[in-house]
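**Q** This is data-v1.pdb (PDB, C-alpha atoms).
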```pdb
ATOM      1  CA  MET P 255      47.609  -2.229  -1.272
ATOM      2  CA  ALA P 256      51.105  -0.943  -0.620
ATOM      3  CA  ALA P 257      51.913  -1.356  -4.290
ATOM      4  CA  ASP P 258      48.927   0.752  -5.276
ATOM      5  CA  ALA P 259      49.967   3.438  -2.846
ATOM      6  CA  HIS P 260      53.465   3.366  -4.281
ATOM      7  CA  ALA P 261      52.275   3.518  -7.870
ATOM      8  CA  ALA P 262      50.133   6.504  -6.943
ATOM      9  CA  HIS P 263      53.146   8.360  -5.566
ATOM     10  CA  PRO P 264      53.282  11.840  -7.117
ATOM     11  CA  PRO P 265      56.225  12.905  -9.312
ATOM     12  CA  THR P 266      59.156  14.277  -7.306
ATOM     13  CA  ALA P 267      61.089  17.528  -7.828
ATOM     14  CA  THR P 268      64.150  15.602  -9.032
ATOM     15  CA  GLY P 269      62.144  13.240 -11.236
ATOM     16  CA  LEU P 270      63.635  10.409  -9.164
ATOM     17  CA  ASP P 271      62.053   7.976  -6.781
ATOM     18  CA  THR P 272      62.690   9.235  -3.260
ATOM     19  CA  TRP P 273      63.211   5.747  -1.807
ATOM     20  CA  LYS P 274      65.860   4.946  -4.385
ATOM     21  CA  LEU P 275      67.631   8.285  -3.930
ATOM     22  CA  GLY P 276      67.599   7.819  -0.158
ATOM     23  CA  PHE P 277      68.985   4.312  -0.503
ATOM     24  CA  TRP P 278      71.851   5.429  -2.755
ATOM     25  CA  THR P 279      72.663   8.072  -0.121
ATOM     26  CA  PHE P 280      72.680   5.340   2.544
ATOM     27  CA  LEU P 281      75.046   3.252   0.402
ATOM     28  CA  GLY P 282      77.307   6.307   0.116
ATOM     29  CA  SER P 283      77.463   6.466   3.916
ATOM     30  CA  GLU P 284      78.250   2.750   3.995
ATOM     31  CA  THR P 285      81.390   3.351   1.901
ATOM     32  CA  LEU P 286      82.653   5.554   4.763
ATOM     33  CA  PHE P 287      81.717   2.838   7.282
ATOM     34  CA  PHE P 288      83.716   0.151   5.490
ATOM     35  CA  GLY P 289      86.417   2.658   4.459
ATOM     36  CA  SER P 290      87.294   3.261   8.103
ATOM     37  CA  PHE P 291      87.600  -0.467   8.821
ATOM     38  CA  ILE P 292      89.718  -1.015   5.701
ATOM     39  CA  ALA P 293      91.960   1.906   6.705
ATOM     40  CA  THR P 294      92.341   0.427  10.203
ATOM     41  CA  TYR P 295      93.269  -2.982   8.774
ATOM     42  CA  MET P 296      95.853  -1.470   6.433
ATOM     43  CA  ILE P 297      97.408   0.696   9.152
ATOM     44  CA  TYR P 298      97.821  -2.335  11.429
ATOM     45  CA  ALA P 299      99.183  -4.544   8.633
ATOM     46  CA  GLY P 300     102.752  -5.599   9.315
ATOM     47  CA  ARG P 301     102.689  -4.444  12.955
ATOM     48  CA  ASN P 302     101.894  -7.781  14.589
ATOM     49  CA  VAL P 303     104.300  -8.813  17.340
ATOM     50  CA  GLU P 304     103.032 -12.405  17.410
ATOM     51  CA  GLY P 305     101.212 -14.825  15.086
ATOM     52  CA  PRO P 306      99.269 -16.280  13.505
ATOM     53  CA  LEU P 307     100.109 -13.974  10.619
ATOM     54  CA  PRO P 308      98.002 -13.434   7.472
ATOM     55  CA  HIS P 309     100.158 -15.554   5.138
ATOM     56  CA  GLU P 310     100.036 -18.421   7.656
ATOM     57  CA  VAL P 311      96.253 -18.666   7.870
ATOM     58  CA  LEU P 312      94.583 -17.094   4.826
ATOM     59  CA  ASP P 313      93.357 -19.743   2.391
ATOM     60  CA  ILE P 314      93.341 -18.217  -1.096
ATOM     61  CA  PRO P 315      91.786 -21.173  -3.028
ATOM     62  CA  LEU P 316      88.902 -21.447  -0.549
ATOM     63  CA  THR P 317      88.275 -17.697  -0.491
ATOM     64  CA  THR P 318      88.459 -17.565  -4.297
ATOM     65  CA  ILE P 319      85.544 -20.006  -4.403
ATOM     66  CA  SER P 320      83.499 -18.001  -1.875
ATOM     67  CA  THR P 321      84.287 -14.804  -3.804
ATOM     68  CA  PHE P 322      83.064 -16.453  -6.999
ATOM     69  CA  VAL P 323      79.865 -17.538  -5.221
ATOM     70  CA  LEU P 324      79.181 -13.972  -4.069
ATOM     71  CA  LEU P 325      79.932 -12.568  -7.549
ATOM     72  CA  MET P 326      77.524 -15.014  -9.143
ATOM     73  CA  SER P 327      74.881 -14.195  -6.526
ATOM     74  CA  SER P 328      74.924 -10.677  -7.955
ATOM     75  CA  LEU P 329      74.102 -12.175 -11.358
ATOM     76  CA  ALA P 330      71.230 -14.133  -9.783
ATOM     77  CA  MET P 331      70.015 -10.918  -8.133
ATOM     78  CA  VAL P 332      69.795  -8.965 -11.395
ATOM     79  CA  LEU P 333      68.053 -11.934 -13.012
ATOM     80  CA  ALA P 334      65.548 -11.873 -10.120
ATOM     81  CA  LEU P 335      64.896  -8.167 -10.705
ATOM     82  CA  ASN P 336      64.587  -8.810 -14.429
ATOM     83  CA  ALA P 337      62.010 -11.545 -13.765
ATOM     84  CA  VAL P 338      59.999  -9.314 -11.414
ATOM     85  CA  GLN P 339      59.992  -6.493 -13.976
ATOM     86  CA  ARG P 340      58.790  -8.918 -16.666
ATOM     87  CA  GLY P 341      56.031 -10.173 -14.371
ATOM     88  CA  SER P 342      57.458 -13.702 -14.265
ATOM     89  CA  ARG P 343      56.487 -14.978 -10.799
ATOM     90  CA  LYS P 344      58.204 -18.319 -11.314
ATOM     91  CA  GLY P 345      61.445 -16.652 -12.451
ATOM     92  CA  SER P 346      61.290 -14.220  -9.526
ATOM     93  CA  LEU P 347      60.903 -17.060  -7.027
ATOM     94  CA  ILE P 348      63.735 -19.096  -8.538
ATOM     95  CA  TRP P 349      66.291 -16.293  -8.788
ATOM     96  CA  LEU P 350      65.475 -14.738  -5.413
ATOM     97  CA  MET P 351      65.969 -18.146  -3.799
ATOM     98  CA  VAL P 352      69.185 -18.799  -5.753
ATOM     99  CA  THR P 353      70.561 -15.431  -4.600
ATOM    100  CA  ALA P 354      69.639 -16.133  -0.962
ATOM    101  CA  LEU P 355      71.152 -19.633  -1.102
ATOM    102  CA  MET P 356      74.382 -18.297  -2.600
ATOM    103  CA  GLY P 357      74.482 -15.737   0.199
ATOM    104  CA  LEU P 358      74.032 -18.523   2.731
ATOM    105  CA  LEU P 359      76.790 -20.524   1.040
ATOM    106  CA  PHE P 360      79.116 -17.526   1.282
ATOM    107  CA  LEU P 361      78.263 -17.239   4.992
ATOM    108  CA  GLY P 362      79.017 -20.950   5.364
ATOM    109  CA  PHE P 363      82.496 -20.403   3.883
ATOM    110  CA  GLN P 364      82.999 -17.497   6.278
ATOM    111  CA  ALA P 365      81.837 -19.543   9.283
ATOM    112  CA  TYR P 366      84.266 -22.317   8.284
ATOM    113  CA  GLU P 367      87.106 -19.795   7.900
ATOM    114  CA  PHE P 368      86.396 -18.153  11.268
ATOM    115  CA  THR P 369      86.215 -21.552  12.998
ATOM    116  CA  HIS P 370      89.464 -22.662  11.372
ATOM    117  CA  PHE P 371      91.194 -19.450  12.478
ATOM    118  CA  TYR P 372      89.956 -19.995  16.026
ATOM    119  CA  HIS P 373      91.400 -23.516  16.045
ATOM    120  CA  VAL P 374      94.830 -22.302  14.887
ATOM    121  CA  GLY P 375      94.846 -19.690  17.630
ATOM    122  CA  LEU P 376      93.656 -16.554  15.858
ATOM    123  CA  THR P 377      90.891 -14.746  17.713
ATOM    124  CA  LEU P 378      89.607 -11.197  17.972
ATOM    125  CA  SER P 379      92.138 -10.475  20.723
ATOM    126  CA  THR P 380      95.188 -12.473  19.572
ATOM    127  CA  ASN P 381      96.937  -9.712  17.638
ATOM    128  CA  LEU P 382      96.292  -6.620  15.489
ATOM    129  CA  PHE P 383      95.627  -8.789  12.433
ATOM    130  CA  GLY P 384      92.996 -10.821  14.307
ATOM    131  CA  SER P 385      91.232  -7.727  15.663
ATOM    132  CA  SER P 386      91.102  -5.791  12.386
ATOM    133  CA  PHE P 387      90.385  -8.885  10.254
ATOM    134  CA  PHE P 388      87.467 -10.163  12.313
ATOM    135  CA  ILE P 389      85.942  -6.686  12.700
ATOM    136  CA  LEU P 390      86.097  -5.936   8.960
ATOM    137  CA  THR P 391      85.022  -9.320   7.609
ATOM    138  CA  GLY P 392      82.584  -9.823  10.512
ATOM    139  CA  PHE P 393      80.740  -6.612   9.718
ATOM    140  CA  HIS P 394      80.688  -7.618   6.052
ATOM    141  CA  GLY P 395      79.260 -11.001   7.022
ATOM    142  CA  ALA P 396      76.612  -9.247   9.125
ATOM    143  CA  HIS P 397      75.649  -7.227   6.050
ATOM    144  CA  VAL P 398      75.392 -10.430   3.984
ATOM    145  CA  SER P 399      73.190 -11.961   6.709
ATOM    146  CA  ILE P 400      70.837  -8.964   6.623
ATOM    147  CA  GLY P 401      70.758  -9.258   2.827
ATOM    148  CA  VAL P 402      69.832 -12.956   2.996
ATOM    149  CA  ILE P 403      66.982 -12.223   5.436
ATOM    150  CA  TRP P 404      65.788  -9.383   3.181
ATOM    151  CA  LEU P 405      65.849 -11.706   0.124
ATOM    152  CA  LEU P 406      63.928 -14.421   1.950
ATOM    153  CA  ILE P 407      61.267 -11.890   3.002
ATOM    154  CA  LEU P 408      60.948 -10.833  -0.652
ATOM    155  CA  TRP P 409      60.719 -14.500  -1.662
ATOM    156  CA  PHE P 410      57.837 -15.122   0.768
ATOM    157  CA  GLN P 411      56.095 -11.936  -0.396
ATOM    158  CA  THR P 412      56.481 -13.039  -4.023
ATOM    159  CA  HIS P 413      55.247 -16.507  -3.141
ATOM    160  CA  ALA P 414      52.183 -14.947  -1.503
ATOM    161  CA  GLY P 415      51.526 -12.938  -4.679
ATOM    162  CA  ARG P 416      52.304  -9.614  -3.013
ATOM    163  CA  ILE P 417      55.224  -8.703  -5.312
ATOM    164  CA  GLY P 418      54.471  -7.918  -8.959
ATOM    165  CA  PRO P 419      55.967  -5.720 -11.681
ATOM    166  CA  SER P 420      54.594  -2.597  -9.996
ATOM    167  CA  ASP P 421      56.649  -3.497  -6.907
ATOM    168  CA  ALA P 422      59.888  -3.960  -8.846
ATOM    169  CA  LEU P 423      61.408  -1.043  -6.961
ATOM    170  CA  LYS P 424      61.302  -3.080  -3.729
ATOM    171  CA  VAL P 425      63.391  -5.787  -5.380
ATOM    172  CA  GLU P 426      65.641  -3.218  -7.073
ATOM    173  CA  ILE P 427      66.501  -1.580  -3.734
ATOM    174  CA  ALA P 428      67.207  -4.975  -2.147
ATOM    175  CA  GLY P 429      69.384  -5.638  -5.209
ATOM    176  CA  LEU P 430      71.303  -2.383  -4.710
ATOM    177  CA  TYR P 431      72.066  -3.491  -1.162
ATOM    178  CA  TRP P 432      73.128  -6.941  -2.317
ATOM    179  CA  HIS P 433      75.423  -5.600  -5.058
ATOM    180  CA  PHE P 434      76.944  -3.155  -2.579
ATOM    181  CA  VAL P 435      77.811  -6.061  -0.273
ATOM    182  CA  ASP P 436      79.367  -7.716  -3.328
ATOM    183  CA  ILE P 437      81.542  -4.706  -4.275
ATOM    184  CA  VAL P 438      82.724  -4.344  -0.680
ATOM    185  CA  TRP P 439      83.876  -7.973  -0.833
ATOM    186  CA  ILE P 440      85.604  -7.340  -4.187
ATOM    187  CA  VAL P 441      87.738  -4.734  -2.390
ATOM    188  CA  ILE P 442      88.269  -6.865   0.752
ATOM    189  CA  PHE P 443      89.340  -9.893  -1.308
ATOM    190  CA  THR P 444      92.076  -7.905  -3.013
ATOM    191  CA  LEU P 445      93.312  -5.816  -0.080
ATOM    192  CA  ILE P 446      93.266  -8.517   2.592
ATOM    193  CA  TYR P 447      93.692 -11.811   0.775
ATOM    194  CA  LEU P 448      95.678 -11.050  -2.372
ATOM    195  CA  LEU P 449      97.806  -8.135  -1.137
ATOM    196  CA  GLN P 450      98.476  -9.759   2.214
ATOM    197  CA  GLU P 451     101.262  -8.514   4.435
ATOM    198  CA  PRO P 452     103.702 -11.171   5.634
ATOM    199  CA  GLY P 453     103.851  -9.784   9.139
TER     200      GLY P 453
ATOM    201  CA  MET C  58      45.462  -8.942 -13.464
ATOM    202  CA  GLU C  59      49.013  -9.373 -14.713
ATOM    203  CA  GLU C  60      48.417  -6.875 -17.524
ATOM    204  CA  THR C  61      47.148  -4.339 -14.970
ATOM    205  CA  GLN C  62      50.320  -4.804 -12.959
ATOM    206  CA  MET C  63      52.394  -4.322 -16.104
ATOM    207  CA  ALA C  64      50.505  -1.111 -16.859
ATOM    208  CA  ASP C  65      51.187   0.112 -13.310
ATOM    209  CA  ALA C  66      54.869  -0.516 -13.828
ATOM    210  CA  VAL C  67      54.864   1.480 -17.060
ATOM    211  CA  ASP C  68      52.990   4.311 -15.323
ATOM    212  CA  ARG C  69      55.590   4.408 -12.583
ATOM    213  CA  ASN C  70      58.372   4.712 -15.117
ATOM    214  CA  THR C  71      56.728   7.713 -16.727
ATOM    215  CA  GLU C  72      56.413   9.329 -13.287
ATOM    216  CA  HIS C  73      60.183   9.124 -12.883
ATOM    217  CA  PRO C  74      61.556  10.019 -16.330
ATOM    218  CA  GLU C  75      65.167  10.241 -15.089
ATOM    219  CA  GLU C  76      65.229   6.489 -14.469
ATOM    220  CA  HIS C  77      65.858   4.495 -17.642
ATOM    221  CA  ASP C  78      65.418   0.909 -18.807
ATOM    222  CA  HIS C  79      67.775  -1.695 -17.437
ATOM    223  CA  PRO C  80      70.013  -3.914 -19.586
ATOM    224  CA  GLY C  81      68.856  -7.340 -20.743
ATOM    225  CA  THR C  82      69.797 -10.827 -19.638
ATOM    226  CA  MET C  83      72.570 -11.147 -22.235
ATOM    227  CA  THR C  84      74.336  -8.043 -20.886
ATOM    228  CA  TYR C  85      74.104  -9.419 -17.342
ATOM    229  CA  LEU C  86      75.607 -12.742 -18.465
ATOM    230  CA  ILE C  87      78.464 -11.034 -20.324
ATOM    231  CA  VAL C  88      79.251  -8.922 -17.247
ATOM    232  CA  ALA C  89      79.253 -12.079 -15.089
ATOM    233  CA  ALA C  90      81.677 -13.766 -17.521
ATOM    234  CA  VAL C  91      84.004 -10.747 -17.461
ATOM    235  CA  LEU C  92      83.849 -10.638 -13.634
ATOM    236  CA  THR C  93      84.809 -14.319 -13.521
ATOM    237  CA  ILE C  94      87.738 -13.792 -15.902
ATOM    238  CA  LEU C  95      88.988 -10.771 -13.942
ATOM    239  CA  THR C  96      88.806 -12.723 -10.658
ATOM    240  CA  ALA C  97      90.724 -15.620 -12.223
ATOM    241  CA  LEU C  98      93.355 -13.145 -13.443
ATOM    242  CA  GLU C  99      93.655 -11.640  -9.963
ATOM    243  CA  VAL C 100      94.276 -15.022  -8.364
ATOM    244  CA  ALA C 101      96.698 -16.027 -11.147
ATOM    245  CA  ILE C 102      98.705 -12.824 -10.576
ATOM    246  CA  PHE C 103      98.882 -13.647  -6.854
ATOM    247  CA  TYR C 104     100.552 -16.988  -7.650
ATOM    248  CA  ILE C 105     103.063 -15.704 -10.255
ATOM    249  CA  PRO C 106     106.303 -14.686  -8.454
ATOM    250  CA  ALA C 107     107.601 -12.836 -11.527
ATOM    251  CA  LEU C 108     104.785 -10.318 -11.123
ATOM    252  CA  SER C 109     105.459  -9.582  -7.461
ATOM    253  CA  ASN C 110     106.979  -6.176  -8.303
ATOM    254  CA  VAL C 111     103.865  -5.010 -10.121
ATOM    255  CA  ILE C 112     101.255  -6.932  -8.148
ATOM    256  CA  VAL C 113      99.837  -3.848  -6.406
ATOM    257  CA  PRO C 114      99.003  -1.768  -9.510
ATOM    258  CA  LEU C 115      97.834  -4.856 -11.415
ATOM    259  CA  LEU C 116      95.456  -6.038  -8.684
ATOM    260  CA  LEU C 117      94.149  -2.546  -7.957
ATOM    261  CA  THR C 118      93.409  -2.060 -11.672
ATOM    262  CA  LEU C 119      91.558  -5.386 -11.947
ATOM    263  CA  THR C 120      89.649  -4.738  -8.711
ATOM    264  CA  THR C 121      88.632  -1.283  -9.918
ATOM    265  CA  GLY C 122      87.434  -2.858 -13.159
ATOM    266  CA  LYS C 123      85.258  -5.374 -11.277
ATOM    267  CA  PHE C 124      83.923  -2.669  -8.971
ATOM    268  CA  VAL C 125      82.988  -0.405 -11.895
ATOM    269  CA  LEU C 126      81.334  -3.248 -13.823
ATOM    270  CA  VAL C 127      79.060  -4.193 -10.903
ATOM    271  CA  VAL C 128      78.165  -0.581 -10.123
ATOM    272  CA  MET C 129      77.495   0.408 -13.740
ATOM    273  CA  PHE C 130      75.621  -2.650 -14.971
ATOM    274  CA  TYR C 131      74.229  -4.557 -11.979
ATOM    275  CA  MET C 132      73.468  -1.442  -9.945
ATOM    276  CA  HIS C 133      72.410   0.345 -13.150
ATOM    277  CA  LEU C 134      74.329   3.581 -12.560
ATOM    278  CA  LYS C 135      75.260   3.620 -16.255
ATOM    279  CA  MET C 136      71.588   3.927 -17.192
ATOM    280  CA  ASP C 137      70.187   5.782 -14.175
ATOM    281  CA  SER C 138      70.257   9.437 -13.249
ATOM    282  CA  GLN C 139      73.645  11.017 -12.531
ATOM    283  CA  ILE C 140      72.222  12.227  -9.217
ATOM    284  CA  PHE C 141      72.423   8.620  -7.968
ATOM    285  CA  THR C 142      76.050   8.518  -9.128
ATOM    286  CA  GLY C 143      76.748  11.765  -7.271
ATOM    287  CA  VAL C 144      75.273  10.739  -3.924
ATOM    288  CA  PHE C 145      77.214   7.467  -4.058
ATOM    289  CA  VAL C 146      80.545   8.536  -5.556
ATOM    290  CA  ALA C 147      81.016  11.713  -3.454
ATOM    291  CA  PRO C 148      81.138   9.893  -0.079
ATOM    292  CA  MET C 149      83.077   7.049  -1.693
ATOM    293  CA  LEU C 150      85.795   9.501  -2.778
ATOM    294  CA  LEU C 151      85.791  10.871   0.758
ATOM    295  CA  ALA C 152      86.202   7.309   2.082
ATOM    296  CA  MET C 153      89.117   6.699  -0.319
ATOM    297  CA  PHE C 154      90.721   9.968   0.793
ATOM    298  CA  LEU C 155      90.237   8.871   4.424
ATOM    299  CA  VAL C 156      91.963   5.536   3.772
ATOM    300  CA  VAL C 157      94.914   7.135   1.948
ATOM    301  CA  ALA C 158      95.254   9.957   4.503
ATOM    302  CA  LEU C 159      95.307   7.551   7.461
ATOM    303  CA  ILE C 160      97.855   5.266   5.768
ATOM    304  CA  VAL C 161     100.103   8.254   5.026
ATOM    305  CA  LEU C 162      99.674   9.567   8.589
ATOM    306  CA  PHE C 163     100.457   6.275  10.341
ATOM    307  CA  ASN C 164     102.612   4.296   7.911
ATOM    308  CA  VAL C 165     104.441   6.786   5.693
ATOM    309  CA  LEU C 166     105.101   9.965   7.676
ATOM    310  CA  PRO C 167     106.624   8.194  10.745
ATOM    311  CA  ALA C 168     109.357   6.824   8.455
ATOM    312  CA  TYR C 169     110.487  10.393   7.700
ATOM    313  CA  SER C 170     110.376  11.678  11.279
TER     314      SER C 170
END
```
Could I get this file's structure written as structure tokens?

**A**
Amino acid sequence: MAADAHAAHPPTATGLDTWKLGFWTFLGSETLFFGSFIATYMIYAGRNVEGPLPHEVLDIPLTTISTFVLLMSSLAMVLALNAVQRGSRKGSLIWLMVTALMGLLFLGFQAYEFTHFYHVGLTLSTNLFGSSFFILTGFHGAHVSIGVIWLLILWFQTHAGRIGPSDALKVEIAGLYWHFVDIVWIVIFTLIYLLQEPG
Amino acid sequence: MEETQMADAVDRNTEHPEEHDHPGTMTYLIVAAVLTILTALEVAIFYIPALSNVIVPLLLTLTTGKFVLVVMFYMHLKMDSQIFTGVFVAPMLLAMFLVVALIVLFNVLPAYS
């Protein structure tokens, strides 16, 4: 029903789908959201008066694996969209689930990292690094969580036969969100983990 | 039923002529391979002490490359309307300016005062 209504949507003045244009605008606003947290982290870098310090706690091999998982989840997401556009229900179900599971795996890595930091004495209120790190990566993790829930909803809708090629835009917009979460992590991985300040 | 859905999808594309076809599976796989290689290079650079003097420009270049690849191919900005690019890139440039301006204000200028 909703799909029919969407397909019957009249042409727009820009020739673009309004939902997609609105969502790209939202993603633009999200760059400012994360930009302010990244700026805060970088301003505080090197100003800690007590530890634990970044180079003492950040685990590069572990985070490299979680980064790879998130990168590959973006591949699974585009394959899901491709399957929906081709009308392959089986492919849609598989790739949507793979994307959601990879997102959950990434969240598992993050939960492990946060727990480990807590056990070595780094909390939200320990020092400037702890505050800015947990706020930035925590908000990113919250975005990943929302993405996973969104993907699972799409999976159930596909399973119920309510997502077909004419609804590909729904999956495409979810994909835009998922890839955005991925590119934010690409930046975080470099600025926080690989260009870490010693103090 | 499936053919009807396919026809609907085609109709929708003709309603929005500014939105073009997306790349195929092979392109997506190639992009994923390049992203993997770039990530491996980033981590390798982190562990090579000889590159510590140039680590910042090297990592920022590789990160920008990964960012652009995802946005252009996975988010389809390369194929889609430039209006999408505009509404995303304009605030992103503002965000980058914000980051640089705040770093200069709090970390660079105090050193000269």

**Q** Would you list the contacts of segment 276-281 of chain P as a PDB file with C-alpha atoms, in the coordinates of the input, taking every protein, DNA or RNA residue within 6 Å and counting all atoms listed in the file, but skipping same-chain residues closer than 3 positions in sequence?

**A**
```pdb
ATOM      1  CA  THR P 272      62.690   9.235  -3.260  1.00  0.00           C
ATOM      2  CA  TRP P 273      63.211   5.747  -1.807  1.00  0.00           C
ATOM      3  CA  GLU P 284      78.250   2.750   3.995  1.00  0.00           C
TER       4      GLU P 284
ATOM      5  CA  VAL C 144      75.273  10.739  -3.924  1.00  0.00           C
ATOM      6  CA  PHE C 145      77.214   7.467  -4.058  1.00  0.00           C
TER       7      PHE C 145
END
```

**Q** Determine the nearest neighbour of chain C from the options P:Phe410, P:Tyr447, P:Tyr372, P:Phe388, counting all atoms listed in the file.

**A**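 That would be P:Tyr447, the residue with the smallest distance to chain C.
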
**Q** With a cut-off of 6 Å, could you pull out the residues of chain P touching chain C and give me the nearest pair of atoms for each, distance in Å to one decimal, using only C-alpha atoms, ordered by chain and ascending number, as a Markdown table?

**A**
```
| residue | atom | partner | partner_atom | distance |
| --- | --- | --- | --- | --- |
| P:Ala261 | CA | C:Arg69 | CA | 5.8 |
| P:Pro265 | CA | C:Glu72 | CA | 5.4 |
| P:Gly269 | CA | C:His73 | CA | 4.8 |
| P:Leu270 | CA | C:His73 | CA | 5.2 |
| P:Trp278 | CA | C:Phe145 | CA | 5.9 |
| P:Thr279 | CA | C:Val144 | CA | 5.3 |
| P:Gly282 | CA | C:Phe145 | CA | 4.3 |
| P:Thr285 | CA | C:Met149 | CA | 5.4 |
| P:Leu286 | CA | C:Ala152 | CA | 4.8 |
| P:Gly289 | CA | C:Ala152 | CA | 5.2 |
| P:Ala293 | CA | C:Val156 | CA | 4.7 |
| P:Ile297 | CA | C:Ile160 | CA | 5.7 |
| P:Pro419 | CA | C:Ala66 | CA | 5.7 |
| P:Ser420 | CA | C:Ala66 | CA | 4.4 |
| P:Leu430 | CA | C:Met132 | CA | 5.7 |
| P:Ile437 | CA | C:Phe124 | CA | 5.6 |
```

**Q** Pull out every residue that the PyMOL selection byres ((chain P and resi 346) around 10) matches in the shown coordinates and put them as JSON, numbers by chain.

**A** {"P": [330, 331, 333, 334, 335, 336, 337, 338, 339, 340, 341, 342, 343, 344, 345, 347, 348, 349, 350, 351, 352, 408, 409, 412, 413, 417, 418, 425]}

**Q** Hey, which of P:Ile319, P:Val332, P:Val402, P:Ile446 ends up closest to Tyr298 of chain P? Count all atoms listed in the file.

**A** P:Ile446

**Q** To test your reading of the syntax: which residues would the PyMOL selection byres ((chain P and resi 299) around 8) return for the file shown? Reply as a VMD selection string.

**A** chain P and resid 295 to 298 300 to 302 382 to 383 451 453

**Q** Quick one: residues within 10 Å of Thr391 of chain P, only C-alpha atoms, excluding same-chain residues fewer than 4 positions away - as a count of residues only?

**A** 15

**Q** So the first atom is atom CA of Leu325 of chain P and the second is atom CA of Leu115 of chain C; what is the distance between them in Å, to one decimal place?

**A**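 Distance reported for this atom pair: 19.9 Å.
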